[in-house]
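To start, the structure itself, in structure tokens.
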Amino acid sequence: MKTSNHSSTPMIGVFDSGFGGLTVLRALIERLPRANFAFVGDTARLPYGSKSRRTIARYAAQSAQFLVREQGAEYLVIACNTASALALDAIQEAVPVPVLGVIEPGATAARQASKTNDVLVIATNATVQSEAYTAACQAQGLRALEKACPLLVPLVEEGWTDHPVTEEVIDIYLNELRAEAWARGLNPDTLVLGCTHYPLLRPLIERAVRPGVKVIDSAEATAQVAAQIFNGRVTGPVPATEQTEQTEIRCFATDSVEKFERLGSRFLGRPVGKVELLDLGG
Ligand code: DGL
């Protein structure tokens, strides 16, 4: 097993169904500049958002085991909302390290942002059907209304993050969601982006929501929680003696590494570097 070579520099494993989770990795790197990271994007089996709980749990457990057994991850961050919603328990059972998902941090951030205690959540079909966000929000004293927006992931994958078609699709989804909220007597003032891909649509989404509605990014919220968990060990200023030490970021994809390298930079906000091909079997 490969382990982190510096005891104060833990290896954090980050998992997603594809590239989208790089938005979470980006937020983690900003808050934990001294941690090492190994990222798996299960691009061969994307999307998870249209699959069953059983399949999602099996796929996610395989990636989690690779990150812990082969990469020496001491902590796991499940960047994928769908895997967090449907398979967090299964992942936790599959590995002997702490596992952090994106749902609870997203709900906590919504509670901090909302004054009316009514929140909207947009996510994949599987995430919405699981009602994981509704349960996490209820546990925080919030009323949540969720809506599946299945067209948004392929539009982002296509690179249409600032395209009139995407703008139109967002408007349609949010109008439907608002109408349903109104019919249920809700007064939402917060919208949670419950999918790895949606932060890339944030400018369009912010234009489409009513003035005053706060947009919560689960990626940001999760990175904040991760920073609190790892605080003292990897955050804070880098001592002068360690300033030349580079944090290591290793990326693995289960399908075309070329595509991952090309599209991944859009999500990570900088070049992803050399991506390694990973075969997780069936
Ligand atoms: N990563 C997924 C999520 O955050 C979106 C892509 C997929 O459906 O696999 O829900």
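We name chains A, B, ... following the order of the structure tokens; residues begin at 1 in each chain, and ligands are numbered from 1 as shown.
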**OP:** Could you please extract the residues within 6 Å of ligand 1, counting only C-alpha atoms and all ligand atoms, and hand them back as JSON, numbers by chain?
**Re:** {"A": [16, 17, 20, 46, 47, 48, 49, 80, 81, 82, 124, 195, 196]}
Got time to write the residues from that selection, C-alpha atoms, as a JSON list (two decimals), in the first residue's frame?
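The result, stored in part-v1.json:
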[["chain", "number", "residue", "atom", "x", "y", "z"],
["A", 16, "ASP", "CA", -16.86, 11.35, -8.03],
["A", 17, "SER", "CA", -18.74, 9.66, -10.84],
["A", 20, "GLY", "CA", -17.74, 17.27, -11.80],
["A", 46, "LEU", "CA", -21.05, 8.13, -15.49],
["A", 47, "PRO", "CA", -23.83, 9.17, -15.04],
["A", 48, "TYR", "CA", -24.69, 7.78, -11.61],
["A", 49, "GLY", "CA", -27.70, 10.09, -11.43],
["A", 80, "CYS", "CA", -20.62, 13.05, -5.88],
["A", 81, "ASN", "CA", -24.02, 14.14, -4.57],
["A", 82, "THR", "CA", -25.68, 11.03, -5.97],
["A", 124, "THR", "CA", -29.97, 14.48, -10.28],
["A", 195, "CYS", "CA", -24.90, 18.22, -8.02],
["A", 196, "THR", "CA", -21.20, 18.41, -8.81]]
Original post:
Contacts of range 90-92 of chain A at 12 Å or less, counting only C-alpha atoms, minus same-chain residues fewer than 3 places along, as a PyMOL selection string?
Top reply: chain A and resi 15+53-68+75-78+83-87+95-101
Prev. selection, N, CA, C and O atoms, output as a short mmCIF file (atom, residue, chain, number, x, y, z; two decimals), in the first residue's frame:
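As written to disk, result15.cif reads:
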data_model
loop_
_atom_site.label_atom_id
_atom_site.label_comp_id
_atom_site.auth_asym_id
_atom_site.auth_seq_id
_atom_site.Cartn_x
_atom_site.Cartn_y
_atom_site.Cartn_z
N PHE A 15 -13.70 11.25 -4.37
CA PHE A 15 -14.33 10.39 -5.37
C PHE A 15 -15.54 11.08 -6.00
O PHE A 15 -16.32 11.73 -5.34
N ARG A 53 -29.79 2.52 -6.53
CA ARG A 53 -29.00 2.59 -5.31
C ARG A 53 -27.97 1.47 -5.25
O ARG A 53 -26.80 1.69 -4.93
N ARG A 54 -28.40 0.26 -5.61
CA ARG A 54 -27.53 -0.90 -5.52
C ARG A 54 -26.29 -0.75 -6.42
O ARG A 54 -25.16 -1.00 -6.00
N THR A 55 -26.54 -0.32 -7.64
CA THR A 55 -25.43 -0.15 -8.60
C THR A 55 -24.51 0.99 -8.15
O THR A 55 -23.28 0.85 -8.17
N ILE A 56 -25.10 2.09 -7.74
CA ILE A 56 -24.29 3.24 -7.29
C ILE A 56 -23.41 2.82 -6.10
O ILE A 56 -22.22 3.14 -6.05
N ALA A 57 -24.00 2.07 -5.17
CA ALA A 57 -23.24 1.64 -3.97
C ALA A 57 -22.08 0.73 -4.37
O ALA A 57 -20.97 0.86 -3.85
N ARG A 58 -22.33 -0.17 -5.31
CA ARG A 58 -21.27 -1.11 -5.74
C ARG A 58 -20.13 -0.35 -6.43
O ARG A 58 -18.96 -0.54 -6.10
N TYR A 59 -20.49 0.53 -7.34
CA TYR A 59 -19.47 1.30 -8.05
C TYR A 59 -18.67 2.18 -7.08
O TYR A 59 -17.43 2.24 -7.13
N ALA A 60 -19.40 2.88 -6.22
CA ALA A 60 -18.73 3.84 -5.32
C ALA A 60 -17.80 3.12 -4.34
O ALA A 60 -16.69 3.59 -4.05
N ALA A 61 -18.22 1.94 -3.86
CA ALA A 61 -17.39 1.18 -2.92
C ALA A 61 -16.09 0.76 -3.58
O ALA A 61 -15.02 0.77 -2.96
N GLN A 62 -16.15 0.41 -4.85
CA GLN A 62 -14.92 0.00 -5.57
C GLN A 62 -13.91 1.15 -5.63
O GLN A 62 -12.72 0.96 -5.37
N SER A 63 -14.39 2.34 -5.96
CA SER A 63 -13.49 3.49 -6.04
C SER A 63 -12.94 3.83 -4.66
O SER A 63 -11.75 4.16 -4.51
N ALA A 64 -13.81 3.76 -3.66
CA ALA A 64 -13.38 4.08 -2.28
C ALA A 64 -12.27 3.11 -1.84
O ALA A 64 -11.26 3.53 -1.26
N GLN A 65 -12.45 1.84 -2.14
CA GLN A 65 -11.45 0.84 -1.76
C GLN A 65 -10.12 1.08 -2.49
O GLN A 65 -9.05 0.94 -1.92
N PHE A 66 -10.21 1.47 -3.76
CA PHE A 66 -8.98 1.78 -4.49
C PHE A 66 -8.24 2.94 -3.81
O PHE A 66 -7.02 2.89 -3.61
N LEU A 67 -8.99 3.98 -3.46
CA LEU A 67 -8.35 5.17 -2.87
C LEU A 67 -7.69 4.84 -1.54
O LEU A 67 -6.60 5.33 -1.24
N VAL A 68 -8.32 3.98 -0.75
CA VAL A 68 -7.77 3.65 0.56
C VAL A 68 -6.66 2.61 0.44
O VAL A 68 -5.55 2.81 0.95
N TYR A 75 -8.56 9.68 4.64
CA TYR A 75 -9.90 10.24 4.72
C TYR A 75 -10.49 10.19 3.32
O TYR A 75 -9.76 10.27 2.34
N LEU A 76 -11.81 10.07 3.26
CA LEU A 76 -12.45 10.11 1.95
C LEU A 76 -13.48 11.23 1.92
O LEU A 76 -14.25 11.41 2.87
N VAL A 77 -13.48 11.96 0.83
CA VAL A 77 -14.54 12.95 0.59
C VAL A 77 -15.30 12.46 -0.64
O VAL A 77 -14.72 12.29 -1.71
N ILE A 78 -16.59 12.22 -0.44
CA ILE A 78 -17.42 11.77 -1.56
C ILE A 78 -18.01 13.01 -2.21
O ILE A 78 -18.96 13.61 -1.70
N ALA A 83 -23.81 9.70 -5.12
CA ALA A 83 -23.20 8.65 -4.28
C ALA A 83 -23.35 9.00 -2.80
O ALA A 83 -23.60 8.12 -1.97
N SER A 84 -23.23 10.28 -2.46
CA SER A 84 -23.41 10.69 -1.06
C SER A 84 -24.84 10.41 -0.60
O SER A 84 -25.07 9.98 0.52
N ALA A 85 -25.79 10.68 -1.50
CA ALA A 85 -27.21 10.53 -1.14
C ALA A 85 -27.61 9.06 -1.01
O ALA A 85 -28.40 8.70 -0.14
N LEU A 86 -27.07 8.21 -1.87
CA LEU A 86 -27.56 6.83 -1.92
C LEU A 86 -26.60 5.79 -1.36
O LEU A 86 -27.01 4.66 -1.12
N ALA A 87 -25.34 6.15 -1.18
CA ALA A 87 -24.37 5.08 -0.87
C ALA A 87 -23.39 5.43 0.23
O ALA A 87 -22.40 4.70 0.41
N VAL A 95 -14.78 0.73 3.70
CA VAL A 95 -13.42 1.21 4.00
C VAL A 95 -13.26 1.55 5.48
O VAL A 95 -14.22 1.96 6.13
N PRO A 96 -12.02 1.40 6.01
CA PRO A 96 -11.81 1.64 7.44
C PRO A 96 -11.36 3.07 7.78
O PRO A 96 -10.65 3.28 8.75
N VAL A 97 -11.77 4.05 6.96
CA VAL A 97 -11.36 5.45 7.21
C VAL A 97 -12.61 6.32 7.26
O VAL A 97 -13.65 5.93 6.74
N PRO A 98 -12.50 7.51 7.87
CA PRO A 98 -13.67 8.40 7.91
C PRO A 98 -14.09 8.84 6.51
O PRO A 98 -13.25 9.08 5.65
N VAL A 99 -15.41 8.94 6.32
CA VAL A 99 -15.95 9.30 5.01
C VAL A 99 -16.86 10.53 5.17
O VAL A 99 -17.74 10.54 6.03
N LEU A 100 -16.62 11.54 4.36
CA LEU A 100 -17.45 12.75 4.40
C LEU A 100 -18.19 12.89 3.07
O LEU A 100 -17.57 12.86 2.01
N GLY A 101 -19.50 13.03 3.14
CA GLY A 101 -20.29 13.26 1.93
C GLY A 101 -20.65 14.73 1.79
O GLY A 101 -20.33 15.54 2.66
#
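Restricting the calculation to only C-alpha atoms, the smallest distance between Pro199 in chain A and any of A:Ala123, A:Ala94, A:Ala110, A:Ala179 is found for A:Ala123.
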Subject >> Residue among A:Val215, A:Leu268, A:Leu32, A:Leu151 lying closest to Cys251 in chain A, counting only C-alpha atoms >> reply: A:Leu268
Original post:
Neighbours of Glu220 in chain A within 10 Å (only C-alpha atoms; same-chain residues fewer than 4 positions away dropped), as a PyMOL selection string?
Top reply: chain A and resi 23-28+30-31+102+105-106+109+199+216+224-226
Original post:
With only C-alpha atoms as the basis for distance, which of A:Gly41, A:Gly194, A:Gly13, A:Pro203 is at the shortest distance from Glu276 in chain A?
Top reply: A:Gly41
Go through range 69-153 of chain A residue by residue and, counting only C-alpha atoms, keep those with an atom at most 12 Å from range 168-172 of chain A; for each kept residue give the shortest atom pair and its distance in Å to one decimal, ordered by chain and increasing number, as a Markdown table.
| residue | atom | partner | partner_atom | distance |
| --- | --- | --- | --- | --- |
| A:Ile122 | CA | A:Ile170 | CA | 10.3 |
| A:Lys147 | CA | A:Ile170 | CA | 11.6 |
| A:Ala148 | CA | A:Ile170 | CA | 11.4 |
| A:Cys149 | CA | A:Ile170 | CA | 8.3 |
| A:Pro150 | CA | A:Val169 | CA | 10.3 |
| A:Leu151 | CA | A:Val169 | CA | 7.7 |
| A:Leu152 | CA | A:Val169 | CA | 7.8 |
| A:Val153 | CA | A:Val169 | CA | 11.6 |
